[in-house]
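Structure file coords31.txt (compact mmCIF, C-alpha atoms and all ligand atoms) is printed below.
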```txt
# COMPACT_ATOMS: atom_id res chain seq x y z
CA MET P 1 -41.32 -55.61 117.11
CA LEU P 2 -41.51 -51.85 117.74
CA SER P 3 -44.44 -49.92 116.31
CA CYS P 4 -43.91 -46.68 114.38
CA GLN P 5 -42.74 -43.90 116.75
CA LYS P 6 -43.58 -40.90 114.57
CA HIS P 7 -45.69 -39.35 117.34
CA LEU P 8 -42.45 -38.66 119.25
CA PHE P 9 -41.18 -36.37 116.44
CA SER P 10 -42.52 -33.28 114.72
CA LEU P 11 -42.15 -34.37 111.11
CA PRO P 12 -44.90 -32.77 108.97
CA PRO P 13 -47.58 -35.03 107.49
CA GLY P 14 -46.89 -35.99 103.89
CA LEU P 15 -43.10 -35.82 104.19
CA HIS P 16 -41.34 -39.17 103.66
CA TYR P 17 -38.12 -38.53 105.54
CA LEU P 18 -35.87 -41.50 104.75
CA ASN P 19 -32.58 -39.76 105.43
CA CYS P 20 -31.35 -40.38 108.98
CA GLY P 21 -27.91 -40.98 107.46
CA PHE P 22 -27.92 -37.25 106.67
CA MET P 23 -29.25 -36.30 110.10
CA SER P 24 -32.02 -37.48 112.38
CA PRO P 25 -35.05 -35.30 112.87
CA LEU P 26 -35.15 -33.88 116.37
CA PRO P 27 -37.26 -35.95 118.77
CA LEU P 28 -39.69 -33.74 120.75
CA ARG P 29 -38.12 -34.79 124.03
CA VAL P 30 -34.66 -33.82 122.81
CA GLU P 31 -35.95 -30.46 121.63
CA GLU P 32 -37.49 -29.81 125.06
CA ALA P 33 -34.22 -30.66 126.79
CA GLY P 34 -32.43 -28.15 124.55
CA ILE P 35 -34.94 -25.39 125.22
CA ALA P 36 -34.71 -25.99 128.98
CA GLY P 37 -30.93 -25.80 128.66
CA ILE P 38 -31.02 -22.50 126.76
CA ARG P 39 -33.38 -21.04 129.35
CA LYS P 40 -31.00 -21.98 132.12
CA LYS P 41 -28.73 -19.09 131.24
CA ARG P 42 -31.54 -16.58 131.77
CA ILE P 43 -30.57 -16.60 135.44
CA PRO P 44 -26.90 -17.54 135.76
CA CYS P 45 -26.97 -17.77 139.55
CA ASP P 46 -29.02 -20.95 139.05
CA ILE P 47 -26.03 -22.55 137.30
CA PHE P 48 -23.74 -24.30 139.79
CA PRO P 49 -20.26 -25.83 139.42
CA GLY P 50 -21.77 -29.32 139.49
CA ASP P 51 -23.87 -28.41 136.44
CA PHE P 52 -20.70 -28.23 134.37
CA LEU P 53 -20.08 -31.91 135.02
CA ALA P 54 -23.41 -33.65 135.69
CA GLY P 55 -24.71 -33.56 132.10
CA LEU P 56 -21.38 -34.82 130.77
CA GLU P 57 -21.39 -37.70 133.21
CA ASN P 58 -24.91 -38.64 132.18
CA VAL P 59 -23.92 -38.76 128.49
CA ARG P 60 -20.76 -40.74 129.27
CA ASP P 61 -22.72 -43.28 131.33
CA ARG P 62 -25.39 -43.71 128.70
CA PHE P 63 -22.96 -44.00 125.80
CA ALA P 64 -20.85 -46.52 127.77
CA GLY P 65 -24.03 -48.59 128.19
CA LEU P 66 -24.82 -48.31 124.48
CA VAL P 67 -21.43 -49.60 123.30
CA GLY P 68 -20.78 -52.06 126.12
CA ALA P 69 -17.89 -50.16 127.74
CA ALA P 70 -17.35 -51.44 131.26
CA ASP P 71 -16.29 -48.02 132.48
CA SER P 72 -17.70 -44.60 131.55
CA GLN P 73 -14.26 -43.10 132.21
CA ARG P 74 -13.35 -44.43 128.76
CA ILE P 75 -15.84 -42.03 127.17
CA ALA P 76 -15.21 -38.44 126.09
CA LEU P 77 -17.55 -35.90 124.52
CA ILE P 78 -16.26 -34.37 121.31
CA PRO P 79 -17.44 -31.63 118.95
CA SER P 80 -16.99 -33.67 115.78
CA VAL P 81 -15.55 -36.87 114.36
CA SER P 82 -12.60 -34.98 112.90
CA TYR P 83 -11.78 -33.69 116.40
CA GLY P 84 -12.07 -37.15 117.96
CA LEU P 85 -9.81 -38.61 115.29
CA ALA P 86 -7.29 -35.78 115.63
CA SER P 87 -6.75 -36.87 119.26
CA VAL P 88 -6.13 -40.40 118.03
CA ALA P 89 -3.71 -39.31 115.31
CA ARG P 90 -1.81 -37.07 117.71
CA ASN P 91 -1.16 -39.97 120.07
CA LEU P 92 0.06 -42.60 117.63
CA GLU P 93 3.76 -43.07 117.05
CA ILE P 94 4.23 -43.95 113.41
CA ALA P 95 7.46 -44.79 111.59
CA GLY P 96 8.03 -44.04 107.90
CA SER P 97 8.32 -47.78 107.20
CA GLN P 98 4.77 -48.43 108.44
CA ASN P 99 1.41 -48.31 106.70
CA LEU P 100 -2.02 -46.89 107.56
CA ILE P 101 -5.13 -48.62 106.23
CA ILE P 102 -8.46 -47.07 105.29
CA LEU P 103 -11.31 -48.09 102.99
CA ALA P 104 -12.15 -46.54 99.64
CA ARG P 105 -14.67 -43.68 99.68
CA GLN P 106 -14.63 -43.27 103.46
CA PHE P 107 -16.16 -40.15 104.95
CA PRO P 108 -13.57 -37.34 104.62
CA SER P 109 -13.14 -36.83 108.39
CA ASN P 110 -11.79 -40.38 108.52
CA VAL P 111 -9.43 -39.75 105.60
CA TYR P 112 -7.80 -36.35 106.05
CA ALA P 113 -6.39 -37.22 109.51
CA TRP P 114 -4.58 -40.20 107.97
CA ARG P 115 -3.42 -38.30 104.89
CA ARG P 116 -1.80 -35.75 107.19
CA LEU P 117 -0.18 -38.48 109.31
CA ALA P 118 1.13 -40.25 106.22
CA ALA P 119 2.50 -36.98 104.84
CA THR P 120 4.27 -36.02 108.07
CA THR P 121 5.71 -39.47 108.87
CA GLY P 122 6.36 -40.85 105.39
CA ALA P 123 4.15 -43.87 106.17
CA GLU P 124 2.21 -45.47 103.31
CA LEU P 125 -1.54 -44.80 103.19
CA ARG P 126 -3.26 -47.94 101.85
CA THR P 127 -6.80 -47.48 100.57
CA ILE P 128 -8.66 -50.74 100.19
CA ALA P 129 -11.19 -50.72 97.36
CA PRO P 130 -13.95 -53.26 96.66
CA PRO P 131 -14.13 -55.24 93.44
CA GLU P 132 -16.17 -53.29 90.86
CA GLN P 133 -19.16 -55.64 91.08
CA GLY P 134 -20.21 -59.24 91.67
CA ALA P 135 -22.52 -61.02 94.08
CA ASP P 136 -19.71 -61.47 96.62
CA ARG P 137 -18.44 -57.87 96.36
CA ALA P 138 -18.80 -57.09 100.09
CA GLN P 139 -17.27 -60.37 101.19
CA GLN P 140 -14.32 -59.84 98.89
CA TRP P 141 -13.91 -56.28 100.14
CA ASN P 142 -13.73 -57.59 103.70
CA GLU P 143 -11.17 -60.18 102.64
CA ARG P 144 -9.04 -57.62 100.80
CA LEU P 145 -9.02 -55.54 103.96
CA LEU P 146 -7.83 -58.42 106.14
CA GLU P 147 -5.14 -59.36 103.60
CA ALA P 148 -3.82 -55.78 103.51
CA ILE P 149 -3.09 -55.76 107.26
CA ASP P 150 0.51 -56.87 107.86
CA GLY P 151 3.32 -56.62 110.38
CA ASP P 152 4.01 -53.01 109.31
CA THR P 153 0.45 -51.80 109.79
CA ALA P 154 0.29 -49.05 112.39
CA VAL P 155 -3.41 -48.23 112.18
CA VAL P 156 -6.60 -49.52 110.58
CA ALA P 157 -9.33 -46.88 110.46
CA LEU P 158 -12.74 -47.76 109.09
CA ALA P 159 -16.45 -47.87 109.90
CA GLN P 160 -18.81 -50.66 110.89
CA VAL P 161 -21.07 -49.68 108.00
CA HIS P 162 -19.96 -47.91 104.84
CA TRP P 163 -21.60 -44.49 104.91
CA THR P 164 -22.51 -44.48 101.21
CA ASP P 165 -24.29 -47.82 100.84
CA GLY P 166 -24.45 -49.68 104.16
CA THR P 167 -21.85 -52.37 103.32
CA LEU P 168 -21.02 -54.16 106.58
CA PHE P 169 -17.47 -54.77 107.81
CA ASP P 170 -16.61 -57.61 110.13
CA LEU P 171 -15.21 -55.63 113.04
CA ALA P 172 -14.54 -58.67 115.21
CA ARG P 173 -12.22 -60.17 112.57
CA VAL P 174 -10.52 -56.87 111.79
CA GLY P 175 -9.98 -56.26 115.51
CA GLU P 176 -8.48 -59.70 115.95
CA ARG P 177 -6.09 -59.13 113.04
CA CYS P 178 -5.10 -55.69 114.39
CA ARG P 179 -4.25 -57.21 117.76
CA GLU P 180 -2.16 -59.94 116.08
CA VAL P 181 0.06 -57.33 114.40
CA GLY P 182 -0.16 -54.64 117.10
CA ALA P 183 -1.98 -52.10 114.89
CA ALA P 184 -4.31 -49.48 116.37
CA PHE P 185 -7.92 -50.23 115.50
CA VAL P 186 -10.01 -47.10 114.98
CA ILE P 187 -13.73 -47.14 114.18
CA ASP P 188 -15.95 -44.34 112.96
CA GLY P 189 -19.29 -45.38 114.44
CA THR P 190 -21.24 -42.36 113.16
CA GLN P 191 -23.38 -44.31 110.70
CA SER P 192 -24.04 -47.31 112.91
CA VAL P 193 -23.90 -46.76 116.67
CA GLY P 194 -27.47 -46.38 117.89
CA ALA P 195 -28.97 -48.42 115.05
CA LEU P 196 -26.71 -51.46 115.00
CA PRO P 197 -25.36 -53.22 118.10
CA VAL P 198 -21.68 -52.68 118.78
CA ASP P 199 -19.80 -54.13 121.75
CA VAL P 200 -16.38 -52.74 122.55
CA ARG P 201 -15.65 -55.62 124.93
CA ARG P 202 -15.98 -58.04 122.04
CA ILE P 203 -14.28 -56.13 119.24
CA GLU P 204 -11.74 -54.30 121.43
CA PRO P 205 -11.18 -51.19 119.31
CA ASP P 206 -8.61 -48.63 120.41
CA ALA P 207 -11.06 -45.88 119.55
CA LEU P 208 -14.72 -45.67 118.52
CA ILE P 209 -15.71 -42.19 117.41
CA CYS P 210 -19.30 -41.07 116.73
CA ALA P 211 -21.03 -37.90 115.62
CA GLY P 212 -24.19 -37.44 117.70
CA TYR P 213 -26.64 -35.94 115.23
CA LYS P 214 -27.53 -38.98 113.13
CA TRP P 215 -28.26 -42.38 114.70
CA LEU P 216 -27.76 -41.06 118.23
CA MET P 217 -30.59 -38.53 117.54
CA GLY P 218 -28.77 -35.71 119.29
CA PRO P 219 -27.99 -32.13 118.28
CA TYR P 220 -25.42 -31.04 115.72
CA SER P 221 -21.91 -30.22 117.05
CA LEU P 222 -21.74 -32.82 119.83
CA GLY P 223 -20.47 -36.37 119.48
CA VAL P 224 -19.05 -39.08 121.71
CA ALA P 225 -15.90 -41.18 121.64
CA TYR P 226 -14.67 -44.31 123.35
CA TYR P 227 -10.87 -44.45 123.81
CA GLY P 228 -9.25 -47.71 124.86
CA PRO P 229 -6.23 -48.28 127.14
CA ARG P 230 -3.81 -47.36 124.32
CA PHE P 231 -4.85 -43.72 124.78
CA GLU P 232 -4.93 -43.71 128.57
CA ASN P 233 -2.01 -41.37 129.14
CA GLY P 234 -2.02 -39.46 125.88
CA VAL P 235 -1.61 -35.77 125.15
CA PRO P 236 -4.85 -33.90 124.36
CA LEU P 237 -5.27 -31.35 121.59
CA GLU P 238 -6.25 -28.70 124.13
CA GLU P 239 -5.22 -28.16 127.74
CA THR P 240 -8.59 -27.49 129.34
CA TRP P 241 -9.22 -26.60 132.96
CA LEU P 242 -12.35 -28.75 133.22
CA SER P 243 -10.37 -31.93 132.53
CA ARG P 244 -8.21 -31.39 135.65
CA VAL P 245 -8.76 -33.00 139.04
CA GLY P 246 -10.77 -30.76 141.34
CA SER P 247 -12.06 -28.61 138.49
CA ASP P 248 -15.51 -28.35 140.04
CA ASP P 249 -13.99 -26.47 142.99
CA PHE P 250 -14.24 -23.04 141.36
CA PRO P 251 -12.66 -20.97 144.17
CA ARG P 252 -9.50 -23.11 143.84
CA LEU P 253 -9.11 -23.11 140.05
CA ILE P 254 -5.87 -21.14 140.36
CA ASP P 255 -4.33 -23.96 142.39
CA TYR P 256 -3.26 -25.27 138.99
CA GLN P 257 -3.38 -29.03 138.63
CA ASP P 258 -1.26 -30.87 136.09
CA GLU P 259 -3.12 -34.08 136.82
CA TYR P 260 -6.08 -34.86 134.58
CA ARG P 261 -9.27 -36.33 135.93
CA PRO P 262 -9.24 -40.12 135.54
CA GLY P 263 -9.92 -41.78 132.22
CA VAL P 264 -10.05 -40.03 128.87
CA VAL P 265 -11.80 -36.78 129.83
CA ARG P 266 -8.61 -34.99 128.78
CA TYR P 267 -9.66 -35.47 125.13
CA GLU P 268 -12.71 -33.23 125.58
CA PRO P 269 -12.35 -29.69 124.18
CA GLY P 270 -12.84 -26.43 126.08
CA GLU P 271 -16.40 -25.36 127.03
CA ILE P 272 -17.71 -28.85 126.39
CA SER P 273 -20.42 -28.34 129.06
CA ASN P 274 -22.83 -26.70 126.62
CA PHE P 275 -26.01 -26.33 128.71
CA ALA P 276 -28.31 -26.90 125.73
CA LEU P 277 -26.47 -29.51 123.65
CA VAL P 278 -25.31 -31.83 126.43
CA PRO P 279 -28.79 -32.41 127.96
CA MET P 280 -30.12 -32.88 124.41
CA LEU P 281 -27.69 -35.69 123.73
CA GLY P 282 -28.46 -37.19 127.16
CA ALA P 283 -32.19 -37.19 126.35
CA ALA P 284 -31.54 -38.70 122.92
CA LEU P 285 -29.45 -41.53 124.36
CA GLU P 286 -32.20 -42.21 126.90
CA LEU P 287 -34.72 -42.48 124.09
CA ILE P 288 -32.54 -44.92 122.17
CA ALA P 289 -31.98 -47.05 125.27
CA GLY P 290 -35.76 -47.11 125.76
CA TRP P 291 -36.38 -48.46 122.25
CA GLY P 292 -33.34 -50.77 122.39
CA VAL P 293 -30.76 -50.93 119.60
CA GLU P 294 -31.71 -54.49 118.60
CA SER P 295 -35.35 -53.42 118.22
CA ILE P 296 -34.35 -50.33 116.19
CA GLU P 297 -32.26 -52.54 113.92
CA GLU P 298 -35.05 -55.07 113.48
CA TYR P 299 -37.59 -52.34 112.71
CA CYS P 300 -35.36 -50.60 110.17
CA ARG P 301 -34.39 -53.88 108.53
CA SER P 302 -38.02 -54.79 107.95
CA LEU P 303 -38.37 -51.48 106.06
CA THR P 304 -35.20 -51.73 103.99
CA ASP P 305 -35.86 -55.39 103.11
CA LEU P 306 -39.24 -54.31 101.76
CA LEU P 307 -37.62 -51.45 99.84
CA VAL P 308 -34.99 -53.69 98.25
CA ALA P 309 -37.67 -56.20 97.21
CA GLU P 310 -39.88 -53.46 95.73
CA SER P 311 -37.16 -51.39 94.04
CA THR P 312 -35.71 -54.45 92.33
CA LYS P 313 -38.89 -54.35 90.23
CA ALA P 314 -37.75 -50.96 88.89
CA GLY P 315 -34.26 -52.25 88.09
CA PHE P 316 -32.44 -51.06 91.24
CA GLY P 317 -30.00 -53.33 93.05
CA ALA P 318 -28.52 -53.59 96.56
CA GLU P 319 -25.85 -55.47 98.48
CA ALA P 320 -26.79 -59.02 99.56
CA ALA P 321 -28.88 -59.04 102.76
CA GLU P 322 -26.14 -60.54 104.98
CA TRP P 323 -23.65 -57.84 103.92
CA ARG P 324 -25.84 -54.75 104.14
CA SER P 325 -27.00 -52.96 107.27
CA GLY P 326 -30.69 -52.88 108.15
CA HIS P 327 -30.89 -49.13 108.75
CA LEU P 328 -28.92 -47.79 105.77
CA VAL P 329 -29.02 -49.17 102.28
CA GLY P 330 -27.56 -47.95 99.00
CA LEU P 331 -29.69 -48.61 95.94
CA ARG P 332 -27.62 -49.04 92.80
CA MET P 333 -29.05 -47.33 89.75
CA PRO P 334 -30.26 -48.97 86.58
CA GLN P 335 -27.99 -48.23 83.60
CA GLY P 336 -27.81 -44.53 82.64
CA VAL P 337 -29.84 -43.12 85.54
CA ASP P 338 -28.66 -39.68 86.66
CA PRO P 339 -28.66 -39.93 90.47
CA THR P 340 -28.91 -36.19 91.09
CA ALA P 341 -31.88 -35.83 88.73
CA LEU P 342 -33.50 -38.80 90.46
CA GLN P 343 -32.98 -37.26 93.88
CA SER P 344 -34.55 -33.97 92.86
CA GLU P 345 -37.57 -35.78 91.30
CA LEU P 346 -38.01 -37.56 94.62
CA ALA P 347 -37.62 -34.33 96.60
CA GLY P 348 -40.44 -32.88 94.47
CA ARG P 349 -42.61 -35.73 95.76
CA LYS P 350 -41.59 -34.99 99.37
CA ILE P 351 -39.32 -38.00 99.59
CA SER P 352 -36.01 -37.22 101.24
CA VAL P 353 -33.05 -39.50 100.50
CA SER P 354 -29.39 -38.83 99.67
CA VAL P 355 -27.10 -39.48 96.75
CA ARG P 356 -23.68 -40.62 97.91
CA GLY P 357 -21.25 -41.56 95.18
CA ASP P 358 -23.22 -43.52 92.60
CA VAL P 359 -25.92 -44.89 94.89
CA LEU P 360 -29.21 -43.64 96.27
CA ARG P 361 -28.82 -43.89 100.03
CA VAL P 362 -31.99 -44.67 101.95
CA SER P 363 -31.83 -44.60 105.73
CA PRO P 364 -35.08 -44.99 107.67
CA HIS P 365 -35.70 -44.95 111.42
CA VAL P 366 -38.50 -45.68 113.83
CA TYR P 367 -40.53 -42.64 112.66
CA ASN P 368 -40.89 -44.29 109.22
CA ASP P 369 -43.38 -46.93 108.21
CA GLU P 370 -44.28 -49.10 105.21
CA GLU P 371 -46.19 -46.22 103.66
CA ASP P 372 -42.94 -44.23 103.36
CA ILE P 373 -41.24 -47.18 101.74
CA MET P 374 -44.07 -47.81 99.30
CA ALA P 375 -44.16 -44.09 98.40
CA LEU P 376 -40.47 -44.28 97.52
CA ALA P 377 -40.78 -47.58 95.66
CA SER P 378 -43.65 -46.37 93.50
CA ALA P 379 -41.91 -43.03 92.84
CA LEU P 380 -38.83 -44.94 91.68
CA ARG P 381 -40.95 -46.95 89.25
CA GLU P 382 -42.68 -43.82 87.95
CA VAL P 383 -39.67 -41.56 87.46
CA VAL P 384 -36.85 -43.93 86.55
CA GLU P 385 -37.35 -43.64 82.79
CA SER P 386 -37.39 -39.85 82.87
CA VAL P 387 -33.98 -39.54 84.60
CA VAL P 388 -31.95 -41.69 82.22
CA THR P 389 -29.25 -39.63 80.54
CA PRO P 390 -28.92 -40.32 76.79
C1 LIG P 401 -19.30 -41.82 108.37
C2 LIG P 401 -19.32 -40.40 108.84
N1 LIG P 401 -18.41 -39.99 109.70
C3 LIG P 401 -18.38 -38.73 110.17
C4 LIG P 401 -19.31 -37.80 109.76
C5 LIG P 401 -19.26 -36.41 110.31
O1 LIG P 401 -17.94 -36.01 110.57
P1 LIG P 401 -17.63 -34.65 111.33
O2 LIG P 401 -18.25 -34.79 112.69
O3 LIG P 401 -16.15 -34.58 111.38
O4 LIG P 401 -18.26 -33.54 110.57
C6 LIG P 401 -20.29 -38.19 108.83
C7 LIG P 401 -21.27 -37.21 108.30
O5 LIG P 401 -22.00 -37.46 107.36
C8 LIG P 401 -20.29 -39.53 108.38
O6 LIG P 401 -21.21 -39.96 107.50
```

Would you write the structure of this file as structure tokens?
Ligand SMILES: Cc1ncc(COP(=O)(O)O)c(C=O)c1O
Amino acid sequence: MLSCQKHLFSLPPGLHYLNCGFMSPLPLRVEEAGIAGIRKKRIPCDIFPGDFLAGLENVRDRFAGLVGAADSQRIALIPSVSYGLASVARNLEIAGSQNLIILARQFPSNVYAWRRLAATTGAELRTIAPPEQGADRAQQWNERLLEAIDGDTAVVALAQVHWTDGTLFDLARVGERCREVGAAFVIDGTQSVGALPVDVRRIEPDALICAGYKWLMGPYSLGVAYYGPRFENGVPLEETWLSRVGSDDFPRLIDYQDEYRPGVVRYEPGEISNFALVPMLGAALELIAGWGVESIEEYCRSLTDLLVAESTKAGFGAEAAEWRSGHLVGLRMPQGVDPTALQSELAGRKISVSVRGDVLRVSPHVYNDEEDIMALASALREVVESVVTP
């Protein structure tokens, strides 16, 4: 098992940062890569055509390794999840008689794209909700999802882990069902990739889209996407010069090329070669590969299992262990607790967590240890009575 890696970050002593689901703190190594990148522009003649591509290739290779893609040409860098999903939505042909499937309370970036598509095509947008409660809530939610997919389903867009409370979805089964009916299978991996193993060869998604600033430990404004064969010859949102064959031959850029470079590079936006952000994400992916995703998951799970056991004593609840992720867990409140008041009480004790919907979302990483968990558990016990609304 990994040991605590706090020495690789610059979190101040006394802060219990349990909020990687909001954003990861910046690892020192990633910060250094960013500073070196900013400094590069001090002397522009030290920036060469190859520099526009090398950092991108490094990120593509590393992300391909992380998600099990056989070929890094399937990987594109993106500025945001909404951008990555807009490329997907643009390249799907949907008839008014079809349906699009999402889960209840998904992150908005993975909702608005489908609302727009439903509005413009007349297709039905099906939102699959869980049962209100019950010990088998997550299992039933998964079953409802599978039952909703039918011969008219054009796309199923969801996440591996629900961003509010860590409920797990069985991607292998959903992928299988999508292939049976010919639906596009689209995954938002933002709250799982980097902390939970995912293998695109096994689950065969058509797209896997990730923001880079949470579990990938990168900077804000740079994410990564895997696009499967369905999107091989699609139309990008922007017609960039860097995505064309021969684009590193600067003197010949006006020999315009209609042909894109191989793979899915066409889905990258203009000026993607940000000399600070790209090396930062490369350094972050290297760090994650060094720890190993399985080890990160195991480490985080040991912390969240302890939290669930301890917080139960104060009347909080959580999804059953086999249906909740190890790195992100939503604690359900005891009756009458005001979540926002609870969060601000915790913030006053230097404990950072999030409220998402009606749960307290706790999302540790390798910079946390049992002391952080015990600080949160005892704070919950101490303050819970004071934040009950009459
Ligand atoms: C599940 C999920 N997807 C996507 C995002 C970010 O989306 P975008 O990059 O479009 O801002 C977040 C941010 O919290 C998220 O939790």

task: Produce as a PyMOL selection string the set of residues near ligand LIG 401 (chain P), where near means within 9 Å with only C-alpha atoms and all ligand atoms considered.
output: chain P and resi 21-23+78-85+106-110+158-159+161-164+188-192+209-214+220-223

Given only C-alpha atoms as the counted atoms, nearest of P:Gln139, P:Pro334, P:Ala379, P:Gly218 to P:Pro279: P:Gly218

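If you count only C-alpha atoms and ignore residues fewer than 2 places along the chain from stretch 91-100 of chain P, what sits within 7 Å of it is Ser87, Val88, Ala89, Ile102, Thr121, Gly122, Ala123, Glu124, Leu125, Arg126, Asp152, Thr153, Ala154, Val155, Val156, Gly234 and Val235 of chain P.
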
For the residues selected in the previous step, produce a file with C-alpha atoms as a tab-separated table (two decimals), in the coordinates of the input.
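Output file selection.tsv is given in full below:
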```
chain	number	residue	atom	x	y	z
P	87	SER	CA	-6.75	-36.87	119.26
P	88	VAL	CA	-6.13	-40.40	118.03
P	89	ALA	CA	-3.71	-39.31	115.31
P	102	ILE	CA	-8.46	-47.07	105.29
P	121	THR	CA	5.71	-39.47	108.87
P	122	GLY	CA	6.36	-40.85	105.39
P	123	ALA	CA	4.15	-43.87	106.17
P	124	GLU	CA	2.21	-45.47	103.31
P	125	LEU	CA	-1.54	-44.80	103.19
P	126	ARG	CA	-3.26	-47.94	101.85
P	152	ASP	CA	4.01	-53.01	109.31
P	153	THR	CA	0.45	-51.80	109.79
P	154	ALA	CA	0.29	-49.05	112.39
P	155	VAL	CA	-3.41	-48.23	112.18
P	156	VAL	CA	-6.60	-49.52	110.58
P	234	GLY	CA	-2.02	-39.46	125.88
P	235	VAL	CA	-1.61	-35.77	125.15
```

query: If we count only C-alpha atoms, what is near P:Pro269 at a cut-off of 10 Å, once residues fewer than 3 positions away on the same chain are taken out, given as a PyMOL selection string?
result: chain P and resi 76-79+83-84+236-243+265-266+272-273

message: Report as a PyMOL selection string all protein, DNA and RNA residues lying within 9 Å of P:Leu66, evaluated on all atoms listed in the file, omitting residues in the same chain fewer than 3 positions from it.
response: chain P and resi 61-63+69+193-194+197-199+285+288-289+293

Please produce a file of those selected residues containing C-alpha atoms, as a PDB file, keeping the file's coordinate frame.
```pdb
ATOM      1  CA  ASP P  61     -22.720 -43.280 131.330  1.00  0.00           C
ATOM      2  CA  ARG P  62     -25.390 -43.710 128.700  1.00  0.00           C
ATOM      3  CA  PHE P  63     -22.960 -44.000 125.800  1.00  0.00           C
ATOM      4  CA  ALA P  69     -17.890 -50.160 127.740  1.00  0.00           C
ATOM      5  CA  VAL P 193     -23.900 -46.760 116.670  1.00  0.00           C
ATOM      6  CA  GLY P 194     -27.470 -46.380 117.890  1.00  0.00           C
ATOM      7  CA  PRO P 197     -25.360 -53.220 118.100  1.00  0.00           C
ATOM      8  CA  VAL P 198     -21.680 -52.680 118.780  1.00  0.00           C
ATOM      9  CA  ASP P 199     -19.800 -54.130 121.750  1.00  0.00           C
ATOM     10  CA  LEU P 285     -29.450 -41.530 124.360  1.00  0.00           C
ATOM     11  CA  ILE P 288     -32.540 -44.920 122.170  1.00  0.00           C
ATOM     12  CA  ALA P 289     -31.980 -47.050 125.270  1.00  0.00           C
ATOM     13  CA  VAL P 293     -30.760 -50.930 119.600  1.00  0.00           C
TER      14      VAL P 293
END
```

- prompt: Around (-35.3, -51.5, 95.8) in the file's own coordinates, what residues are found within 12 Å if you use all atoms listed in the file, given back as a PyMOL selection string?
  reply: chain P and resi 303-320+329-334+359-362+373-381

For stretch 121-132 of chain P, which lacks atoms in the input, supply N, CA and C atoms and format the output as an mmCIF file, in the frame of the given file.
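For reference, rebuild_24.cif as written:
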```cif
data_model
loop_
_atom_site.group_PDB
_atom_site.id
_atom_site.type_symbol
_atom_site.label_atom_id
_atom_site.label_comp_id
_atom_site.auth_asym_id
_atom_site.auth_seq_id
_atom_site.Cartn_x
_atom_site.Cartn_y
_atom_site.Cartn_z
ATOM 1 N N THR P 121 4.821 -38.392 108.399
ATOM 2 C CA THR P 121 5.710 -39.470 108.870
ATOM 3 C C THR P 121 6.391 -40.213 107.718
ATOM 4 N N GLY P 122 5.839 -40.082 106.523
ATOM 5 C CA GLY P 122 6.360 -40.850 105.390
ATOM 6 C C GLY P 122 5.751 -42.249 105.314
ATOM 7 N N ALA P 123 4.807 -42.547 106.205
ATOM 8 C CA ALA P 123 4.150 -43.870 106.170
ATOM 9 C C ALA P 123 3.277 -43.983 104.915
ATOM 10 N N GLU P 124 3.030 -45.233 104.513
ATOM 11 C CA GLU P 124 2.210 -45.470 103.310
ATOM 12 C C GLU P 124 0.727 -45.474 103.709
ATOM 13 N N LEU P 125 -0.096 -44.751 102.944
ATOM 14 C CA LEU P 125 -1.540 -44.800 103.190
ATOM 15 C C LEU P 125 -2.150 -45.791 102.196
ATOM 16 N N ARG P 126 -2.664 -46.915 102.718
ATOM 17 C CA ARG P 126 -3.260 -47.940 101.850
ATOM 18 C C ARG P 126 -4.781 -47.778 101.862
ATOM 19 N N THR P 127 -5.334 -47.624 100.680
ATOM 20 C CA THR P 127 -6.800 -47.480 100.570
ATOM 21 C C THR P 127 -7.356 -48.745 99.937
ATOM 22 N N ILE P 128 -8.183 -49.438 100.668
ATOM 23 C CA ILE P 128 -8.660 -50.740 100.190
ATOM 24 C C ILE P 128 -9.995 -50.571 99.463
ATOM 25 N N ALA P 129 -9.982 -50.905 98.188
ATOM 26 C CA ALA P 129 -11.190 -50.720 97.360
ATOM 27 C C ALA P 129 -11.900 -52.062 97.189
ATOM 28 N N PRO P 130 -13.211 -52.024 96.944
ATOM 29 C CA PRO P 130 -13.950 -53.260 96.660
ATOM 30 C C PRO P 130 -13.749 -53.658 95.211
ATOM 31 N N PRO P 131 -14.075 -54.920 94.868
ATOM 32 C CA PRO P 131 -14.130 -55.240 93.440
ATOM 33 C C PRO P 131 -15.244 -54.407 92.815
ATOM 34 N N GLU P 132 -15.179 -54.150 91.520
ATOM 35 C CA GLU P 132 -16.170 -53.290 90.860
ATOM 36 C C GLU P 132 -17.598 -53.785 91.080
#
```
